[in-house]
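Asker: This is the structure, below, for whatever I ask next.
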Amino acid sequence: MTPITGMDLTGFTEQEPGVWTDEQGLVLSVHFFDLVPDLPAPPAEADRLRHGLALSVARAGAGLIEASVGEVDALPAVRQLVKVRRPDGHGQVFLGSWTVPRAGCSTVVKVQAGEGPMSGVREAVILNQVGPERYFMPHPYGPGIAGGLPYHVGDHEQWDAGFPDHPLTLVRAALRRLTPGITLHPVFKALPAFGGPAAGGPAAASAPAPAARRWLRRAPRG
C-alpha cells in the first residue's frame, strides 16, 4: 500500500504485492512509512544530508556509494546507492533507492541485486588497473567517516560500461530507467514538505496521517 500510482514495470514479474523480480536477478520493491522520515536533513541541505547518511550507513556496517538530491514526480527526493555484505558473508548486495519524504511520512522505491558465486571480479580488475594507492579513498561526504565497507573507486559509475552484468551496474541502470515513469498520488504530493528531523515532533508526525490513510492503495501492477 503506497502513494505510488504508476511505474514502468517492463521486464519485471510480480512475486507478491509490492515486490517484483526480473531475469537479471533484480528485486524491485515499493514501500510506505507512516512516520517522520529517518533522514538526517531535508533535501535542501544536501551536504548535511549526505554526510549524515554516510555516517549512519557506516555505523550499520555497510557503505554509502553515493547519495544525491533530485526529484520524483516533481517532489524533492533522495537517491542512495548502498552496498552491504551478504548474510552468508560471501560477496555483497547493492541497493539503490529513491526516498520521497514528506513532513510525517515517506515513500520509497528500492532496487537491489547481489553478487553471485564469482564475487569481487570488478574490484580486482579495477584495483589492478589503478593501483592500491589510487583505489581506496577517503569518503567524499566528509572526514571522519569510518567503519562499515570501505569507499573505493571501483564503485564509481565510470566503470559500469566495462562490467555490464555486475549487480551495481544493473541497479544503477534500473533506477535510472524507472525514475521518469514514477507517479505519485495528488494527496501525497499535497502533504507538507519534510523539514528535517528537528521538525519531527508529535504534531508534525501525526498531522498528515488522516489524509494519508485516504489515498493508501496497492502499488501499481504495470
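Each chain in the C-alpha cells gets a letter, A, B, ..., in the order shown, and its residues are numbered from 1; ligands are numbered from 1 in order too.
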Taking only residues of stretch 2-46 of chain A that have an atom at most 6 Å from an atom of stretch 108-121 of chain A, what is each one's shortest atom pair and its distance in Å to one decimal, using only C-alpha atoms, in chain and number order, as a Markdown table?

Answerer:
| residue | atom | partner | partner_atom | distance |
| --- | --- | --- | --- | --- |
| A:Leu26 | CA | A:Ala113 | CA | 5.0 |
| A:Val27 | CA | A:Gln112 | CA | 5.3 |
| A:Leu28 | CA | A:Val111 | CA | 4.5 |
| A:Ser29 | CA | A:Lys110 | CA | 5.3 |
| A:Val30 | CA | A:Val109 | CA | 4.7 |
| A:His31 | CA | A:Val108 | CA | 5.1 |

Asker: Among the residues of chain A, find those DSSP assigns to strand (DSSP E or B) from the backbone and print them as a VMD selection string.

Answerer: chain A and resid 2 4 to 6 13 to 16 19 to 21 27 to 33 63 to 72 75 to 85 92 to 102 106 to 114 136 152 183 to 184 193 217

Asker: Within 7 Å of stretch 129-142 of chain A, counting only C-alpha atoms, which residues qualify if same-chain residues fewer than 6 places away don't, as a PyMOL selection string?

Answerer: chain A and resi 50-51+54+151-153

Asker: Can I get the selected residues back with all heavy atoms, as a PDB file, in the first residue's frame?

Answerer:
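Everything below was put into selection_31.pdb:
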ATOM      1  N   ARG A  50      24.001  14.253   2.982  1.00  0.00           N
ATOM      2  CA  ARG A  50      24.941  13.219   2.521  1.00  0.00           C
ATOM      3  C   ARG A  50      25.876  12.782   3.638  1.00  0.00           C
ATOM      4  O   ARG A  50      26.155  11.585   3.807  1.00  0.00           O
ATOM      5  CB  ARG A  50      25.737  13.736   1.325  1.00  0.00           C
ATOM      6  CG  ARG A  50      24.949  13.748   0.022  1.00  0.00           C
ATOM      7  CD  ARG A  50      25.860  13.993  -1.158  1.00  0.00           C
ATOM      8  NE  ARG A  50      26.327  15.369  -1.183  1.00  0.00           N
ATOM      9  CZ  ARG A  50      25.826  16.310  -1.985  1.00  0.00           C
ATOM     10  NH1 ARG A  50      24.844  16.008  -2.812  1.00  0.00           N
ATOM     11  NH2 ARG A  50      26.299  17.539  -1.971  1.00  0.00           N
ATOM     12  N   HIS A  51      26.387  13.750   4.400  1.00  0.00           N
ATOM     13  CA  HIS A  51      27.296  13.409   5.498  1.00  0.00           C
ATOM     14  C   HIS A  51      26.601  12.532   6.533  1.00  0.00           C
ATOM     15  O   HIS A  51      27.138  11.515   6.976  1.00  0.00           O
ATOM     16  CB  HIS A  51      27.829  14.678   6.156  1.00  0.00           C
ATOM     17  CG  HIS A  51      28.826  14.426   7.239  1.00  0.00           C
ATOM     18  ND1 HIS A  51      28.494  14.448   8.576  1.00  0.00           N
ATOM     19  CD2 HIS A  51      30.143  14.109   7.189  1.00  0.00           C
ATOM     20  CE1 HIS A  51      29.552  14.184   9.306  1.00  0.00           C
ATOM     21  NE2 HIS A  51      30.570  13.971   8.494  1.00  0.00           N
ATOM     22  N   ALA A  54      26.029   8.989   5.147  1.00  0.00           N
ATOM     23  CA  ALA A  54      27.261   8.203   5.108  1.00  0.00           C
ATOM     24  C   ALA A  54      27.646   7.704   6.490  1.00  0.00           C
ATOM     25  O   ALA A  54      28.074   6.551   6.659  1.00  0.00           O
ATOM     26  CB  ALA A  54      28.392   9.033   4.506  1.00  0.00           C
ATOM     27  N   TYR A 151      35.178   2.773   1.178  1.00  0.00           N
ATOM     28  CA  TYR A 151      34.871   3.540  -0.021  1.00  0.00           C
ATOM     29  C   TYR A 151      36.031   3.371  -0.996  1.00  0.00           C
ATOM     30  O   TYR A 151      37.203   3.507  -0.624  1.00  0.00           O
ATOM     31  CB  TYR A 151      34.689   5.014   0.329  1.00  0.00           C
ATOM     32  CG  TYR A 151      34.279   5.863  -0.858  1.00  0.00           C
ATOM     33  CD1 TYR A 151      32.940   5.987  -1.208  1.00  0.00           C
ATOM     34  CD2 TYR A 151      35.238   6.508  -1.635  1.00  0.00           C
ATOM     35  CE1 TYR A 151      32.558   6.747  -2.307  1.00  0.00           C
ATOM     36  CE2 TYR A 151      34.859   7.268  -2.732  1.00  0.00           C
ATOM     37  CZ  TYR A 151      33.525   7.378  -3.058  1.00  0.00           C
ATOM     38  OH  TYR A 151      33.145   8.114  -4.149  1.00  0.00           O
ATOM     39  N   HIS A 152      35.736   3.089  -2.268  1.00  0.00           N
ATOM     40  CA  HIS A 152      36.801   2.942  -3.260  1.00  0.00           C
ATOM     41  C   HIS A 152      36.274   3.287  -4.654  1.00  0.00           C
ATOM     42  O   HIS A 152      35.061   3.312  -4.900  1.00  0.00           O
ATOM     43  CB  HIS A 152      37.392   1.525  -3.238  1.00  0.00           C
ATOM     44  CG  HIS A 152      36.402   0.435  -3.473  1.00  0.00           C
ATOM     45  ND1 HIS A 152      35.820   0.193  -4.699  1.00  0.00           N
ATOM     46  CD2 HIS A 152      35.880  -0.509  -2.631  1.00  0.00           C
ATOM     47  CE1 HIS A 152      35.005  -0.840  -4.611  1.00  0.00           C
ATOM     48  NE2 HIS A 152      35.012  -1.276  -3.367  1.00  0.00           N
ATOM     49  N   VAL A 153      37.219   3.521  -5.573  1.00  0.00           N
ATOM     50  CA  VAL A 153      36.858   3.982  -6.906  1.00  0.00           C
ATOM     51  C   VAL A 153      36.217   2.890  -7.752  1.00  0.00           C
ATOM     52  O   VAL A 153      35.602   3.173  -8.788  1.00  0.00           O
ATOM     53  CB  VAL A 153      38.086   4.547  -7.657  1.00  0.00           C
ATOM     54  CG1 VAL A 153      38.688   5.713  -6.891  1.00  0.00           C
ATOM     55  CG2 VAL A 153      39.136   3.459  -7.895  1.00  0.00           C
TER      56      VAL A 153
END

Asker: Return as a VMD selection string the full set of residues in stretch 47-208 of chain A whose backbone-based DSSP assignment is helix (DSSP H, G or I).

Answerer: chain A and resid 47 to 59 121 to 130 132 to 135 153 to 155 157 to 162 167 to 181 186 to 189 197 to 199 202 to 206

Asker: With C-alpha atoms retained, export the selected residues as a tab-separated table (two decimals), in the first residue's frame.

Answerer:
chain	number	residue	atom	x	y	z
A	47	ASP	CA	25.82	18.41	2.17
A	48	ARG	CA	24.49	17.78	5.68
A	49	LEU	CA	22.16	15.12	4.33
A	50	ARG	CA	24.94	13.22	2.52
A	51	HIS	CA	27.30	13.41	5.50
A	52	GLY	CA	24.64	12.13	7.90
A	53	LEU	CA	23.64	9.31	5.57
A	54	ALA	CA	27.26	8.20	5.11
A	55	LEU	CA	27.79	8.14	8.88
A	56	SER	CA	24.65	6.15	9.61
A	57	VAL	CA	25.31	3.63	6.83
A	58	ALA	CA	28.88	3.09	8.03
A	59	ARG	CA	27.72	2.59	11.62
A	121	VAL	CA	35.98	-9.62	-10.06
A	122	ARG	CA	35.10	-5.98	-10.82
A	123	GLU	CA	37.01	-4.78	-7.77
A	124	ALA	CA	40.09	-6.91	-8.55
A	125	VAL	CA	40.31	-5.77	-12.17
A	126	ILE	CA	39.98	-2.08	-11.29
A	127	LEU	CA	42.41	-2.34	-8.35
A	128	ASN	CA	44.99	-3.90	-10.66
A	129	GLN	CA	44.41	-1.15	-13.22
A	130	VAL	CA	44.63	1.93	-10.96
A	132	PRO	CA	46.13	0.39	-4.44
A	133	GLU	CA	47.29	3.97	-3.76
A	134	ARG	CA	44.53	5.34	-6.03
A	135	TYR	CA	41.91	2.69	-5.35
A	153	VAL	CA	36.86	3.98	-6.91
A	154	GLY	CA	35.74	0.54	-8.08
A	155	ASP	CA	32.15	1.54	-7.30
A	157	GLU	CA	29.85	4.84	-12.40
A	158	GLN	CA	32.65	5.36	-14.92
A	159	TRP	CA	33.44	1.62	-14.70
A	160	ASP	CA	29.88	0.35	-15.27
A	161	ALA	CA	30.24	0.09	-19.05
A	162	GLY	CA	33.08	-2.39	-18.62
A	167	PRO	CA	24.85	-6.04	-9.84
A	168	LEU	CA	25.89	-2.45	-9.14
A	169	THR	CA	25.69	-1.64	-12.85
A	170	LEU	CA	22.28	-3.29	-13.10
A	171	VAL	CA	20.92	-1.45	-10.05
A	172	ARG	CA	22.12	1.94	-11.33
A	173	ALA	CA	20.62	1.33	-14.75
A	174	ALA	CA	17.28	0.11	-13.39
A	175	LEU	CA	16.91	3.07	-11.05
A	176	ARG	CA	17.70	5.46	-13.89
A	177	ARG	CA	15.13	3.82	-16.16
A	178	LEU	CA	12.37	3.64	-13.55
A	179	THR	CA	12.61	7.19	-12.23
A	180	PRO	CA	10.92	9.16	-15.05
A	181	GLY	CA	7.84	6.90	-15.01
A	186	PRO	CA	-2.01	14.05	-5.63
A	187	VAL	CA	-2.92	13.86	-1.93
A	188	PHE	CA	0.58	12.64	-1.06
A	189	LYS	CA	2.09	15.40	-3.19
A	197	PRO	CA	14.42	15.65	11.90
A	198	ALA	CA	14.08	18.72	14.13
A	199	ALA	CA	10.63	19.29	12.66
A	202	PRO	CA	4.45	14.77	17.77
A	203	ALA	CA	2.29	17.28	15.92
A	204	ALA	CA	4.28	17.05	12.70
A	205	ALA	CA	4.33	13.26	12.86
A	206	SER	CA	0.60	12.85	13.37

Asker: Work out how far apart atom CA of A:Met1 and atom CA of A:Ala190 are and give it in Å to one decimal.

Answerer: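 Interatomic distance, atom CA of A:Met1 to atom CA of A:Ala190: 18.0 Å.
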
Asker: Atom CA of A:Arg86 and atom CA of A:Gly147 are how many Å apart?

Answerer: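 According to the coordinates, atom CA of A:Arg86 and atom CA of A:Gly147 are separated by 16.7 Å.
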
Asker: Using only C-alpha atoms, can you tell me which of A:Ile4, A:Leu64, A:Val84, A:Ala103 comes closest to A:Ala41?

Answerer: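 Nearest candidate to A:Ala41 out of A:Ile4, A:Leu64, A:Val84, A:Ala103: A:Ala103.
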
Asker: Please provide the set of residues having any atom within 6 Å of stretch 71-82 of chain A, restricted to only C-alpha atoms, with same-chain residues fewer than 5 positions apart removed, written as a list in words.

Answerer: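 Once the adjacent positions are removed, what remains is Gly63, Leu64, Ile65, Glu66, Phe94, Leu95, Gly96, Ser97, Trp98, Thr99, Val100 and Thr183 of chain A.
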
Asker: Could you write out that same residue set with C-alpha atoms as an mmCIF file, in the first residue's frame?

Answerer:
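The result, written out as selection-v5.cif:
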data_model
loop_
_atom_site.group_PDB
_atom_site.id
_atom_site.type_symbol
_atom_site.label_atom_id
_atom_site.label_comp_id
_atom_site.auth_asym_id
_atom_site.auth_seq_id
_atom_site.Cartn_x
_atom_site.Cartn_y
_atom_site.Cartn_z
ATOM 1 C CA GLY A 63 28.872 1.525 2.788
ATOM 2 C CA LEU A 64 27.257 4.518 1.091
ATOM 3 C CA ILE A 65 28.466 4.571 -2.509
ATOM 4 C CA GLU A 66 26.677 7.765 -3.449
ATOM 5 C CA PHE A 94 23.886 -3.484 -3.863
ATOM 6 C CA LEU A 95 20.789 -1.390 -3.133
ATOM 7 C CA GLY A 96 19.565 1.666 -4.977
ATOM 8 C CA SER A 97 16.631 3.714 -3.755
ATOM 9 C CA TRP A 98 14.611 6.872 -4.035
ATOM 10 C CA THR A 99 13.131 8.195 -0.800
ATOM 11 C CA VAL A 100 10.387 10.791 -1.251
ATOM 12 C CA THR A 183 3.895 8.945 -10.479
#

Asker: Determine the nearest neighbour of A:Leu149 from the options A:Gly61, A:Gly104, A:Pro192, A:Gly70, counting only C-alpha atoms.

Answerer: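 Answer, going by the shortest atom-to-atom distance: A:Gly61.
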
Asker: What is the distance between atom CA of A:Pro42 and atom CA of A:Gly195, in Å to one decimal?

Answerer: 5.5 Å
